[in-house]
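Q: PDB, C-alpha atoms and all ligand atoms, saved as protein38.pdb, coming up:
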ATOM      1  CA  MET R1092     -47.245  91.684 262.426  1.00  0.00           C
ATOM      2  CA  ILE R1093     -44.884  88.939 263.516  1.00  0.00           C
ATOM      3  CA  ARG R1094     -42.952  89.429 266.764  1.00  0.00           C
ATOM      4  CA  ILE R1095     -40.215  87.712 268.710  1.00  0.00           C
ATOM      5  CA  VAL R1096     -41.766  86.331 271.893  1.00  0.00           C
ATOM      6  CA  GLU R1097     -38.877  84.436 273.482  1.00  0.00           C
ATOM      7  CA  THR R1098     -35.099  84.326 273.222  1.00  0.00           C
ATOM      8  CA  LYS R1099     -32.647  81.936 274.814  1.00  0.00           C
ATOM      9  CA  LEU R1100     -28.857  82.046 274.669  1.00  0.00           C
ATOM     10  CA  VAL R1101     -27.973  78.486 273.724  1.00  0.00           C
ATOM     11  CA  SER R1102     -24.252  78.576 273.032  1.00  0.00           C
ATOM     12  CA  SER R1103     -21.194  80.743 272.580  1.00  0.00           C
ATOM     13  CA  THR R1104     -18.257  78.849 271.173  1.00  0.00           C
ATOM     14  CA  GLY R1105     -15.074  79.201 269.176  1.00  0.00           C
ATOM     15  CA  ARG R1106     -15.207  75.575 268.041  1.00  0.00           C
ATOM     16  CA  LEU R1107     -17.233  74.155 265.180  1.00  0.00           C
ATOM     17  CA  ASP R1108     -17.571  70.776 266.866  1.00  0.00           C
ATOM     18  CA  GLN R1109     -19.308  72.497 269.795  1.00  0.00           C
ATOM     19  CA  LEU R1110     -22.043  74.251 267.836  1.00  0.00           C
ATOM     20  CA  PRO R1111     -25.595  73.387 268.894  1.00  0.00           C
ATOM     21  CA  GLU R1112     -27.389  70.774 266.831  1.00  0.00           C
ATOM     22  CA  ALA R1113     -28.761  72.183 263.600  1.00  0.00           C
ATOM     23  CA  THR R1114     -32.399  71.932 264.653  1.00  0.00           C
ATOM     24  CA  HIS R1115     -33.775  75.301 263.449  1.00  0.00           C
ATOM     25  CA  PRO R1116     -33.375  77.534 260.411  1.00  0.00           C
ATOM     26  CA  GLU R1117     -30.424  79.814 261.099  1.00  0.00           C
ATOM     27  CA  VAL R1118     -29.732  83.467 260.247  1.00  0.00           C
ATOM     28  CA  ALA R1119     -26.147  84.636 260.800  1.00  0.00           C
ATOM     29  CA  PHE R1120     -24.986  88.233 261.219  1.00  0.00           C
ATOM     30  CA  ALA R1121     -21.562  88.994 259.739  1.00  0.00           C
ATOM     31  CA  GLY R1122     -19.597  92.216 259.576  1.00  0.00           C
ATOM     32  CA  ARG R1123     -16.451  93.993 260.634  1.00  0.00           C
ATOM     33  CA  SER R1124     -15.807  94.715 264.287  1.00  0.00           C
ATOM     34  CA  ASN R1125     -17.743  97.685 265.625  1.00  0.00           C
ATOM     35  CA  VAL R1126     -20.234  97.759 262.729  1.00  0.00           C
ATOM     36  CA  GLY R1127     -23.065  97.137 265.189  1.00  0.00           C
ATOM     37  CA  LYS R1128     -23.900  93.405 264.884  1.00  0.00           C
ATOM     38  CA  SER R1129     -24.581  92.786 268.573  1.00  0.00           C
ATOM     39  CA  SER R1130     -26.491  96.074 268.937  1.00  0.00           C
ATOM     40  CA  LEU R1131     -28.719  95.228 265.999  1.00  0.00           C
ATOM     41  CA  LEU R1132     -29.377  91.734 267.322  1.00  0.00           C
ATOM     42  CA  ASN R1133     -30.372  93.216 270.684  1.00  0.00           C
ATOM     43  CA  ALA R1134     -32.737  95.680 268.978  1.00  0.00           C
ATOM     44  CA  LEU R1135     -34.186  92.865 266.892  1.00  0.00           C
ATOM     45  CA  SER R1136     -34.762  90.568 269.838  1.00  0.00           C
ATOM     46  CA  GLY R1137     -35.946  93.387 272.107  1.00  0.00           C
ATOM     47  CA  ARG R1138     -33.461  92.283 274.778  1.00  0.00           C
ATOM     48  CA  LYS R1139     -30.859  94.889 275.663  1.00  0.00           C
ATOM     49  CA  GLY R1140     -28.057  92.810 277.134  1.00  0.00           C
ATOM     50  CA  LEU R1141     -28.562  89.528 275.295  1.00  0.00           C
ATOM     51  CA  PHE R1142     -25.657  90.095 272.911  1.00  0.00           C
ATOM     52  CA  LYS R1143     -22.592  91.843 274.336  1.00  0.00           C
ATOM     53  CA  VAL R1144     -22.028  95.360 272.990  1.00  0.00           C
ATOM     54  CA  SER R1145     -18.717  97.138 273.423  1.00  0.00           C
ATOM     55  CA  SER R1146     -16.940 100.250 272.266  1.00  0.00           C
ATOM     56  CA  THR R1147     -13.769  98.119 272.077  1.00  0.00           C
ATOM     57  CA  PRO R1148     -13.636  96.543 268.615  1.00  0.00           C
ATOM     58  CA  GLY R1149     -13.182  92.798 268.407  1.00  0.00           C
ATOM     59  CA  ARG R1150     -15.416  92.113 271.375  1.00  0.00           C
ATOM     60  CA  THR R1151     -17.397  89.168 269.967  1.00  0.00           C
ATOM     61  CA  ARG R1152     -14.902  86.339 269.403  1.00  0.00           C
ATOM     62  CA  THR R1153     -17.210  83.368 269.396  1.00  0.00           C
ATOM     63  CA  ILE R1154     -20.198  82.178 267.389  1.00  0.00           C
ATOM     64  CA  VAL R1155     -23.223  82.973 269.531  1.00  0.00           C
ATOM     65  CA  HIS R1156     -26.474  81.079 268.994  1.00  0.00           C
ATOM     66  CA  VAL R1157     -29.722  82.505 270.329  1.00  0.00           C
ATOM     67  CA  GLU R1158     -32.832  80.380 269.992  1.00  0.00           C
ATOM     68  CA  THR R1159     -35.642  82.697 269.015  1.00  0.00           C
ATOM     69  CA  ARG R1160     -39.349  81.902 269.134  1.00  0.00           C
ATOM     70  CA  LEU R1161     -41.769  83.916 267.019  1.00  0.00           C
ATOM     71  CA  SER R1162     -45.397  84.860 267.729  1.00  0.00           C
ATOM     72  CA  SER R1163     -46.297  82.300 265.042  1.00  0.00           C
ATOM     73  CA  ASP R1164     -44.613  79.694 267.318  1.00  0.00           C
ATOM     74  CA  ALA R1165     -41.879  79.010 264.729  1.00  0.00           C
ATOM     75  CA  CYS R1166     -38.297  78.832 266.040  1.00  0.00           C
ATOM     76  CA  LEU R1167     -35.062  80.012 264.485  1.00  0.00           C
ATOM     77  CA  TYR R1168     -31.480  80.620 265.521  1.00  0.00           C
ATOM     78  CA  LEU R1169     -30.145  84.163 265.395  1.00  0.00           C
ATOM     79  CA  VAL R1170     -26.361  83.930 265.212  1.00  0.00           C
ATOM     80  CA  ASP R1171     -23.819  86.610 266.112  1.00  0.00           C
ATOM     81  CA  LEU R1172     -20.529  85.985 264.300  1.00  0.00           C
ATOM     82  CA  PRO R1173     -17.113  87.257 265.417  1.00  0.00           C
ATOM     83  CA  GLY R1174     -16.250  90.601 263.836  1.00  0.00           C
ATOM     84  CA  TYR R1175     -13.421  90.835 261.313  1.00  0.00           C
ATOM     85  CA  GLY R1176     -11.171  93.586 260.001  1.00  0.00           C
ATOM     86  CA  TYR R1177      -9.778  94.590 263.358  1.00  0.00           C
ATOM     87  CA  ALA R1178      -6.321  96.054 262.642  1.00  0.00           C
ATOM     88  CA  LYS R1179      -4.649  95.035 265.905  1.00  0.00           C
ATOM     89  CA  VAL R1180      -5.146  91.320 265.275  1.00  0.00           C
ATOM     90  CA  SER R1181      -2.101  89.327 264.102  1.00  0.00           C
ATOM     91  CA  ARG R1182      -1.934  87.798 260.614  1.00  0.00           C
ATOM     92  CA  ASP R1183      -2.083  84.272 261.995  1.00  0.00           C
ATOM     93  CA  ALA R1184      -5.176  85.124 264.007  1.00  0.00           C
ATOM     94  CA  LYS R1185      -6.799  86.656 260.916  1.00  0.00           C
ATOM     95  CA  GLU R1186      -6.137  83.522 258.889  1.00  0.00           C
ATOM     96  CA  ALA R1187      -7.460  81.307 261.660  1.00  0.00           C
ATOM     97  CA  TRP R1188     -10.568  83.490 261.813  1.00  0.00           C
ATOM     98  CA  ALA R1189     -11.151  83.253 258.056  1.00  0.00           C
ATOM     99  CA  GLU R1190     -10.758  79.472 258.071  1.00  0.00           C
ATOM    100  CA  PHE R1191     -13.139  79.104 261.000  1.00  0.00           C
ATOM    101  CA  MET R1192     -15.783  81.412 259.499  1.00  0.00           C
ATOM    102  CA  HIS R1193     -15.559  79.923 256.033  1.00  0.00           C
ATOM    103  CA  ALA R1194     -16.010  76.423 257.445  1.00  0.00           C
ATOM    104  CA  TYR R1195     -19.069  77.539 259.417  1.00  0.00           C
ATOM    105  CA  LEU R1196     -20.615  79.424 256.477  1.00  0.00           C
ATOM    106  CA  ALA R1197     -19.979  76.630 253.990  1.00  0.00           C
ATOM    107  CA  GLU R1198     -20.962  73.676 256.154  1.00  0.00           C
ATOM    108  CA  ARG R1199     -23.853  74.732 258.349  1.00  0.00           C
ATOM    109  CA  SER R1200     -26.716  72.842 256.729  1.00  0.00           C
ATOM    110  CA  THR R1201     -29.527  74.931 258.247  1.00  0.00           C
ATOM    111  CA  LEU R1202     -28.055  78.324 257.333  1.00  0.00           C
ATOM    112  CA  HIS R1203     -30.887  80.126 255.516  1.00  0.00           C
ATOM    113  CA  LEU R1204     -29.519  83.643 255.305  1.00  0.00           C
ATOM    114  CA  VAL R1205     -26.363  85.633 256.025  1.00  0.00           C
ATOM    115  CA  VAL R1206     -26.999  89.234 256.953  1.00  0.00           C
ATOM    116  CA  ILE R1207     -23.913  91.241 255.986  1.00  0.00           C
ATOM    117  CA  LEU R1208     -23.631  94.450 257.951  1.00  0.00           C
ATOM    118  CA  VAL R1209     -21.853  97.498 256.585  1.00  0.00           C
ATOM    119  CA  ASP R1210     -21.564 100.891 258.224  1.00  0.00           C
ATOM    120  CA  VAL R1211     -23.779 103.146 256.097  1.00  0.00           C
ATOM    121  CA  ARG R1212     -20.973 105.735 255.960  1.00  0.00           C
ATOM    122  CA  ARG R1213     -18.324 103.271 254.784  1.00  0.00           C
ATOM    123  CA  GLY R1214     -20.137 100.912 252.440  1.00  0.00           C
ATOM    124  CA  PRO R1215     -18.626  97.577 251.363  1.00  0.00           C
ATOM    125  CA  GLU R1216     -14.835  97.321 251.501  1.00  0.00           C
ATOM    126  CA  GLU R1217     -12.380  94.590 250.491  1.00  0.00           C
ATOM    127  CA  GLU R1218     -13.492  92.164 253.237  1.00  0.00           C
ATOM    128  CA  GLU R1219     -17.189  92.520 252.416  1.00  0.00           C
ATOM    129  CA  ILE R1220     -16.578  92.043 248.706  1.00  0.00           C
ATOM    130  CA  GLN R1221     -14.637  88.844 249.463  1.00  0.00           C
ATOM    131  CA  LEU R1222     -17.385  87.628 251.794  1.00  0.00           C
ATOM    132  CA  ILE R1223     -20.053  88.315 249.167  1.00  0.00           C
ATOM    133  CA  GLU R1224     -18.016  86.395 246.567  1.00  0.00           C
ATOM    134  CA  PHE R1225     -17.507  83.466 248.933  1.00  0.00           C
ATOM    135  CA  LEU R1226     -21.200  83.256 249.856  1.00  0.00           C
ATOM    136  CA  SER R1227     -22.386  83.497 246.271  1.00  0.00           C
ATOM    137  CA  GLU R1228     -19.999  80.657 245.339  1.00  0.00           C
ATOM    138  CA  GLN R1229     -21.521  78.626 248.173  1.00  0.00           C
ATOM    139  CA  GLY R1230     -25.038  79.542 247.087  1.00  0.00           C
ATOM    140  CA  VAL R1231     -25.886  81.039 250.480  1.00  0.00           C
ATOM    141  CA  PRO R1232     -28.617  83.737 250.353  1.00  0.00           C
ATOM    142  CA  MET R1233     -27.540  87.182 251.521  1.00  0.00           C
ATOM    143  CA  LEU R1234     -29.039  90.393 252.781  1.00  0.00           C
ATOM    144  CA  LEU R1235     -27.119  93.630 253.172  1.00  0.00           C
ATOM    145  CA  VAL R1236     -27.851  95.782 256.202  1.00  0.00           C
ATOM    146  CA  ALA R1237     -26.548  99.349 256.352  1.00  0.00           C
ATOM    147  CA  THR R1238     -26.072 100.091 260.058  1.00  0.00           C
ATOM    148  CA  LYS R1239     -25.960 103.373 262.005  1.00  0.00           C
ATOM    149  CA  LEU R1240     -28.409 105.010 259.604  1.00  0.00           C
ATOM    150  CA  ASP R1241     -28.877 107.718 262.241  1.00  0.00           C
ATOM    151  CA  ARG R1242     -25.445 109.023 261.236  1.00  0.00           C
ATOM    152  CA  VAL R1243     -26.729 110.000 257.767  1.00  0.00           C
ATOM    153  CA  LYS R1244     -29.154 112.897 257.167  1.00  0.00           C
ATOM    154  CA  ASN R1245     -32.767 111.849 256.530  1.00  0.00           C
ATOM    155  CA  SER R1246     -32.704 113.482 253.118  1.00  0.00           C
ATOM    156  CA  GLN R1247     -29.688 111.406 252.012  1.00  0.00           C
ATOM    157  CA  GLN R1248     -30.667 108.005 253.385  1.00  0.00           C
ATOM    158  CA  LYS R1249     -32.634 106.769 250.373  1.00  0.00           C
ATOM    159  CA  SER R1250     -29.928 107.550 247.832  1.00  0.00           C
ATOM    160  CA  VAL R1251     -27.169 106.042 249.988  1.00  0.00           C
ATOM    161  CA  LEU R1252     -29.161 102.800 250.337  1.00  0.00           C
ATOM    162  CA  ASN R1253     -29.899 102.726 246.592  1.00  0.00           C
ATOM    163  CA  LYS R1254     -26.223 103.146 245.822  1.00  0.00           C
ATOM    164  CA  LEU R1255     -25.341 100.241 248.125  1.00  0.00           C
ATOM    165  CA  HIS R1256     -27.882  98.018 246.406  1.00  0.00           C
ATOM    166  CA  LYS R1257     -26.613  98.968 242.946  1.00  0.00           C
ATOM    167  CA  SER R1258     -22.950  98.357 243.785  1.00  0.00           C
ATOM    168  CA  THR R1259     -23.537  94.909 245.316  1.00  0.00           C
ATOM    169  CA  GLY R1260     -26.676  93.557 243.620  1.00  0.00           C
ATOM    170  CA  ILE R1261     -27.923  92.432 247.047  1.00  0.00           C
ATOM    171  CA  PRO R1262     -31.171  93.582 248.722  1.00  0.00           C
ATOM    172  CA  VAL R1263     -30.461  96.347 251.261  1.00  0.00           C
ATOM    173  CA  ILE R1264     -32.168  97.420 254.471  1.00  0.00           C
ATOM    174  CA  GLY R1265     -31.073 100.493 256.440  1.00  0.00           C
ATOM    175  CA  THR R1266     -31.162 100.216 260.231  1.00  0.00           C
ATOM    176  CA  SER R1267     -30.441 102.208 263.337  1.00  0.00           C
ATOM    177  CA  ALA R1268     -30.187 100.233 266.555  1.00  0.00           C
ATOM    178  CA  THR R1269     -30.136 103.435 268.605  1.00  0.00           C
ATOM    179  CA  GLU R1270     -33.257 104.923 266.951  1.00  0.00           C
ATOM    180  CA  LYS R1271     -34.910 101.500 266.402  1.00  0.00           C
ATOM    181  CA  LYS R1272     -35.259 102.090 262.678  1.00  0.00           C
ATOM    182  CA  GLY R1273     -35.606  99.360 260.069  1.00  0.00           C
ATOM    183  CA  ILE R1274     -35.929  96.689 262.764  1.00  0.00           C
ATOM    184  CA  GLU R1275     -39.458  95.555 261.851  1.00  0.00           C
ATOM    185  CA  GLN R1276     -38.579  95.429 258.173  1.00  0.00           C
ATOM    186  CA  LEU R1277     -35.490  93.353 258.977  1.00  0.00           C
ATOM    187  CA  LEU R1278     -37.476  90.879 261.088  1.00  0.00           C
ATOM    188  CA  ALA R1279     -40.141  90.536 258.384  1.00  0.00           C
ATOM    189  CA  THR R1280     -37.447  89.835 255.783  1.00  0.00           C
ATOM    190  CA  ILE R1281     -35.704  87.267 258.001  1.00  0.00           C
ATOM    191  CA  VAL R1282     -38.971  85.449 258.707  1.00  0.00           C
ATOM    192  CA  LYS R1283     -39.815  85.325 254.997  1.00  0.00           C
ATOM    193  CA  ARG R1284     -36.343  84.064 254.026  1.00  0.00           C
ATOM    194  CA  CYS R1285     -36.602  81.286 256.627  1.00  0.00           C
ATOM    195  CA  GLY R1286     -39.758  80.122 254.873  1.00  0.00           C
ATOM    196  CA  PHE R1287     -42.074  80.791 257.842  1.00  0.00           C
TER     197      PHE R1287
HETATM  198  N1  LIG R1301     -24.961 105.783 266.236  1.00  0.00           N
HETATM  199  C1  LIG R1301     -25.106 104.460 266.309  1.00  0.00           C
HETATM  200  N2  LIG R1301     -24.187 103.714 266.969  1.00  0.00           N
HETATM  201  C2  LIG R1301     -24.357 102.382 267.021  1.00  0.00           C
HETATM  202  C3  LIG R1301     -25.453 101.731 266.368  1.00  0.00           C
HETATM  203  N3  LIG R1301     -25.318 100.404 266.554  1.00  0.00           N
HETATM  204  C4  LIG R1301     -24.211 100.217 267.300  1.00  0.00           C
HETATM  205  N4  LIG R1301     -23.608 101.388 267.591  1.00  0.00           N
HETATM  206  C5  LIG R1301     -22.371 101.575 268.395  1.00  0.00           C
HETATM  207  O1  LIG R1301     -21.283 100.931 267.734  1.00  0.00           O
HETATM  208  C6  LIG R1301     -20.386 100.305 268.674  1.00  0.00           C
HETATM  209  C7  LIG R1301     -20.191  98.835 268.348  1.00  0.00           C
HETATM  210  O2  LIG R1301     -21.399  98.138 268.509  1.00  0.00           O
HETATM  211  P1  LIG R1301     -21.461  96.541 268.637  1.00  0.00           P
HETATM  212  O3  LIG R1301     -22.904  96.183 268.511  1.00  0.00           O
HETATM  213  O4  LIG R1301     -20.726  96.073 269.834  1.00  0.00           O
HETATM  214  O5  LIG R1301     -20.650  96.112 267.320  1.00  0.00           O
HETATM  215  P2  LIG R1301     -20.215  94.641 266.836  1.00  0.00           P
HETATM  216  O6  LIG R1301     -20.343  94.640 265.367  1.00  0.00           O
HETATM  217  O7  LIG R1301     -21.007  93.612 267.578  1.00  0.00           O
HETATM  218  O8  LIG R1301     -18.676  94.586 267.244  1.00  0.00           O
HETATM  219  P3  LIG R1301     -17.761  93.278 267.527  1.00  0.00           P
HETATM  220  O9  LIG R1301     -18.464  92.432 268.539  1.00  0.00           O
HETATM  221  O10 LIG R1301     -16.484  93.866 268.008  1.00  0.00           O
HETATM  222  O11 LIG R1301     -17.594  92.561 266.232  1.00  0.00           O
HETATM  223  C8  LIG R1301     -20.997 100.556 270.054  1.00  0.00           C
HETATM  224  O12 LIG R1301     -20.360 101.685 270.619  1.00  0.00           O
HETATM  225  C9  LIG R1301     -22.462 100.850 269.741  1.00  0.00           C
HETATM  226  O13 LIG R1301     -23.073 101.657 270.718  1.00  0.00           O
HETATM  227  C10 LIG R1301     -26.424 102.554 265.667  1.00  0.00           C
HETATM  228  O14 LIG R1301     -27.415 102.112 265.071  1.00  0.00           O
HETATM  229  N5  LIG R1301     -26.185 103.908 265.671  1.00  0.00           N
HETATM  230 MG    MG R1302     -20.413  92.022 268.769  1.00  0.00          MG
END
Output the structure of this file as structure tokens.
Ligand SMILES: Nc1nc2c(ncn2[C@@H]2O[C@H](COP(=O)(O)OP(=O)(O)OP(=O)(O)O)[C@@H](O)[C@H]2O)c(=O)[nH]1
Ligand SMILES: [Mg+2]
A:
Amino acid sequence: MIRIVETKLVSSTGRLDQLPEATHPEVAFAGRSNVGKSSLLNALSGRKGLFKVSSTPGRTRTIVHVETRLSSDACLYLVDLPGYGYAKVSRDAKEAWAEFMHAYLAERSTLHLVVILVDVRRGPEEEEIQLIEFLSEQGVPMLLVATKLDRVKNSQQKSVLNKLHKSTGIPVIGTSATEKKGIEQLLATIVKRCGF
């Protein structure tokens, strides 16, 4: 089984011209504020405080690059993207966010996969549907992750995940950062999609 053996925070920036050089395959985590992006990245990397987690939505405002070395010695970037869909943000700020994110997603040459996180209880909403459309136009591979699986009864989890897959046509993995569920499956999928 492949493991993450080393992680290093390389950059956290709100500017595209300050991103680190595109030296490794990159996997970016996108999703609305509070969906659990930073928590999932911490669970994945096995480092609790690496990505900032907060109960205040809109916490992650920069693109965060973490260089990640695998037990196979391959390296990739795990990328935490700023959350969207936070109601208290002004319209101008929302538009600036969309422009910034779209430029990153469309232009980053080493981007191998975008993991789109949705709260398992909410499923994809307007913003996710738009993101999925944008990424399919750009030809960027996607994976859907249903977060906070611990909030759904065991007996219902399979059918909820199936429904998500059917409604989007994208492969789905259910995860719980708090119960460490689906983390190994997610890492295995990421590694495979990076071509390692
Ligand atoms: N029950 C449960 N709660 C979770 C899980 N993952 C995250 N949370 C909680 O959800 C809240 C938001 O988590 P974050 O990881 O900061 O979410 P985020 O998507 O990074 O949010 P932004 O940085 O604002 O975009 C925190 O209170 C977490 O403790 C999970 O798997 N299960
Ligand atoms: Mg965050």
Q: CA of Trp1188 (chain R) and CA of Thr1280 (chain R), how far apart in Å?
A: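 Rounded to one decimal, the two atoms are 28.3 Å apart.
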Q: Considering all atoms listed in the file, state which residue in the set R:Ser1181, R:Ser1129, R:Asn1245, R:Gln1221 is at the smallest distance from ligand LIG 1301 (chain R).
A: R:Ser1129
Q: As a quick test: using all atoms listed in the file, which residues lie no more than 9 Å away from ligand MG 1302 (chain R)? Give them as a PyMOL selection string.
A: chain R and resi 1124-1130+1142-1145+1148-1152+1171-1174
Q: Rank R:His1256, R:Ala1197, R:Val1205, R:Glu1216 by their smallest atom-to-atom distance to Glu1228 (chain R), using only C-alpha atoms, and report the top residue only.
A: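 Looking only at the distances to Glu1228 (chain R), the closest residue turns out to be R:Ala1197.
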Q: What gap, in Å, lies between CA of Leu1277 (chain R) and CA of Thr1104 (chain R)?
A: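 Interatomic distance here is 25.6 Å.
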Q: Reconstruct N, CA, C and O atoms of region 1177-1190 of chain R from the incomplete input and present them as a PDB file, keeping the file's coordinate frame.
A:
ATOM      1  N   TYR R1177     -10.327  93.818 262.255  1.00  0.00           N
ATOM      2  CA  TYR R1177      -9.778  94.590 263.358  1.00  0.00           C
ATOM      3  C   TYR R1177      -8.259  94.651 263.205  1.00  0.00           C
ATOM      4  O   TYR R1177      -7.574  93.624 263.220  1.00  0.00           O
ATOM      5  N   ALA R1178      -7.716  95.855 263.044  1.00  0.00           N
ATOM      6  CA  ALA R1178      -6.321  96.054 262.642  1.00  0.00           C
ATOM      7  C   ALA R1178      -5.307  95.451 263.612  1.00  0.00           C
ATOM      8  O   ALA R1178      -4.251  94.988 263.205  1.00  0.00           O
ATOM      9  N   LYS R1179      -5.653  95.444 264.914  1.00  0.00           N
ATOM     10  CA  LYS R1179      -4.649  95.035 265.905  1.00  0.00           C
ATOM     11  C   LYS R1179      -4.486  93.515 266.039  1.00  0.00           C
ATOM     12  O   LYS R1179      -3.728  93.043 266.862  1.00  0.00           O
ATOM     13  N   VAL R1180      -5.227  92.779 265.216  1.00  0.00           N
ATOM     14  CA  VAL R1180      -5.146  91.320 265.275  1.00  0.00           C
ATOM     15  C   VAL R1180      -3.994  90.833 264.388  1.00  0.00           C
ATOM     16  O   VAL R1180      -3.777  91.357 263.298  1.00  0.00           O
ATOM     17  N   SER R1181      -3.246  89.825 264.868  1.00  0.00           N
ATOM     18  CA  SER R1181      -2.101  89.327 264.102  1.00  0.00           C
ATOM     19  C   SER R1181      -2.553  88.612 262.827  1.00  0.00           C
ATOM     20  O   SER R1181      -3.710  88.216 262.703  1.00  0.00           O
ATOM     21  N   ARG R1182      -1.596  88.438 261.888  1.00  0.00           N
ATOM     22  CA  ARG R1182      -1.934  87.798 260.614  1.00  0.00           C
ATOM     23  C   ARG R1182      -2.388  86.351 260.819  1.00  0.00           C
ATOM     24  O   ARG R1182      -3.348  85.904 260.187  1.00  0.00           O
ATOM     25  N   ASP R1183      -1.708  85.652 261.700  1.00  0.00           N
ATOM     26  CA  ASP R1183      -2.083  84.272 261.995  1.00  0.00           C
ATOM     27  C   ASP R1183      -3.517  84.192 262.532  1.00  0.00           C
ATOM     28  O   ASP R1183      -4.290  83.332 262.130  1.00  0.00           O
ATOM     29  N   ALA R1184      -3.833  85.116 263.424  1.00  0.00           N
ATOM     30  CA  ALA R1184      -5.176  85.124 264.007  1.00  0.00           C
ATOM     31  C   ALA R1184      -6.218  85.433 262.939  1.00  0.00           C
ATOM     32  O   ALA R1184      -7.314  84.866 262.941  1.00  0.00           O
ATOM     33  N   LYS R1185      -5.866  86.319 262.000  1.00  0.00           N
ATOM     34  CA  LYS R1185      -6.799  86.656 260.916  1.00  0.00           C
ATOM     35  C   LYS R1185      -7.061  85.450 260.031  1.00  0.00           C
ATOM     36  O   LYS R1185      -8.189  85.187 259.619  1.00  0.00           O
ATOM     37  N   GLU R1186      -5.984  84.709 259.735  1.00  0.00           N
ATOM     38  CA  GLU R1186      -6.137  83.522 258.889  1.00  0.00           C
ATOM     39  C   GLU R1186      -6.952  82.447 259.597  1.00  0.00           C
ATOM     40  O   GLU R1186      -7.801  81.797 258.982  1.00  0.00           O
ATOM     41  N   ALA R1187      -6.692  82.290 260.883  1.00  0.00           N
ATOM     42  CA  ALA R1187      -7.460  81.307 261.660  1.00  0.00           C
ATOM     43  C   ALA R1187      -8.935  81.699 261.674  1.00  0.00           C
ATOM     44  O   ALA R1187      -9.823  80.854 261.527  1.00  0.00           O
ATOM     45  N   TRP R1188      -9.187  82.997 261.828  1.00  0.00           N
ATOM     46  CA  TRP R1188     -10.568  83.490 261.813  1.00  0.00           C
ATOM     47  C   TRP R1188     -11.240  83.155 260.486  1.00  0.00           C
ATOM     48  O   TRP R1188     -12.366  82.632 260.458  1.00  0.00           O
ATOM     49  N   ALA R1189     -10.562  83.458 259.381  1.00  0.00           N
ATOM     50  CA  ALA R1189     -11.151  83.253 258.056  1.00  0.00           C
ATOM     51  C   ALA R1189     -11.473  81.776 257.828  1.00  0.00           C
ATOM     52  O   ALA R1189     -12.547  81.430 257.324  1.00  0.00           O
ATOM     53  N   GLU R1190     -10.559  80.909 258.247  1.00  0.00           N
ATOM     54  CA  GLU R1190     -10.758  79.472 258.071  1.00  0.00           C
ATOM     55  C   GLU R1190     -11.985  78.992 258.866  1.00  0.00           C
ATOM     56  O   GLU R1190     -12.829  78.255 258.360  1.00  0.00           O
TER      57      GLU R1190
END
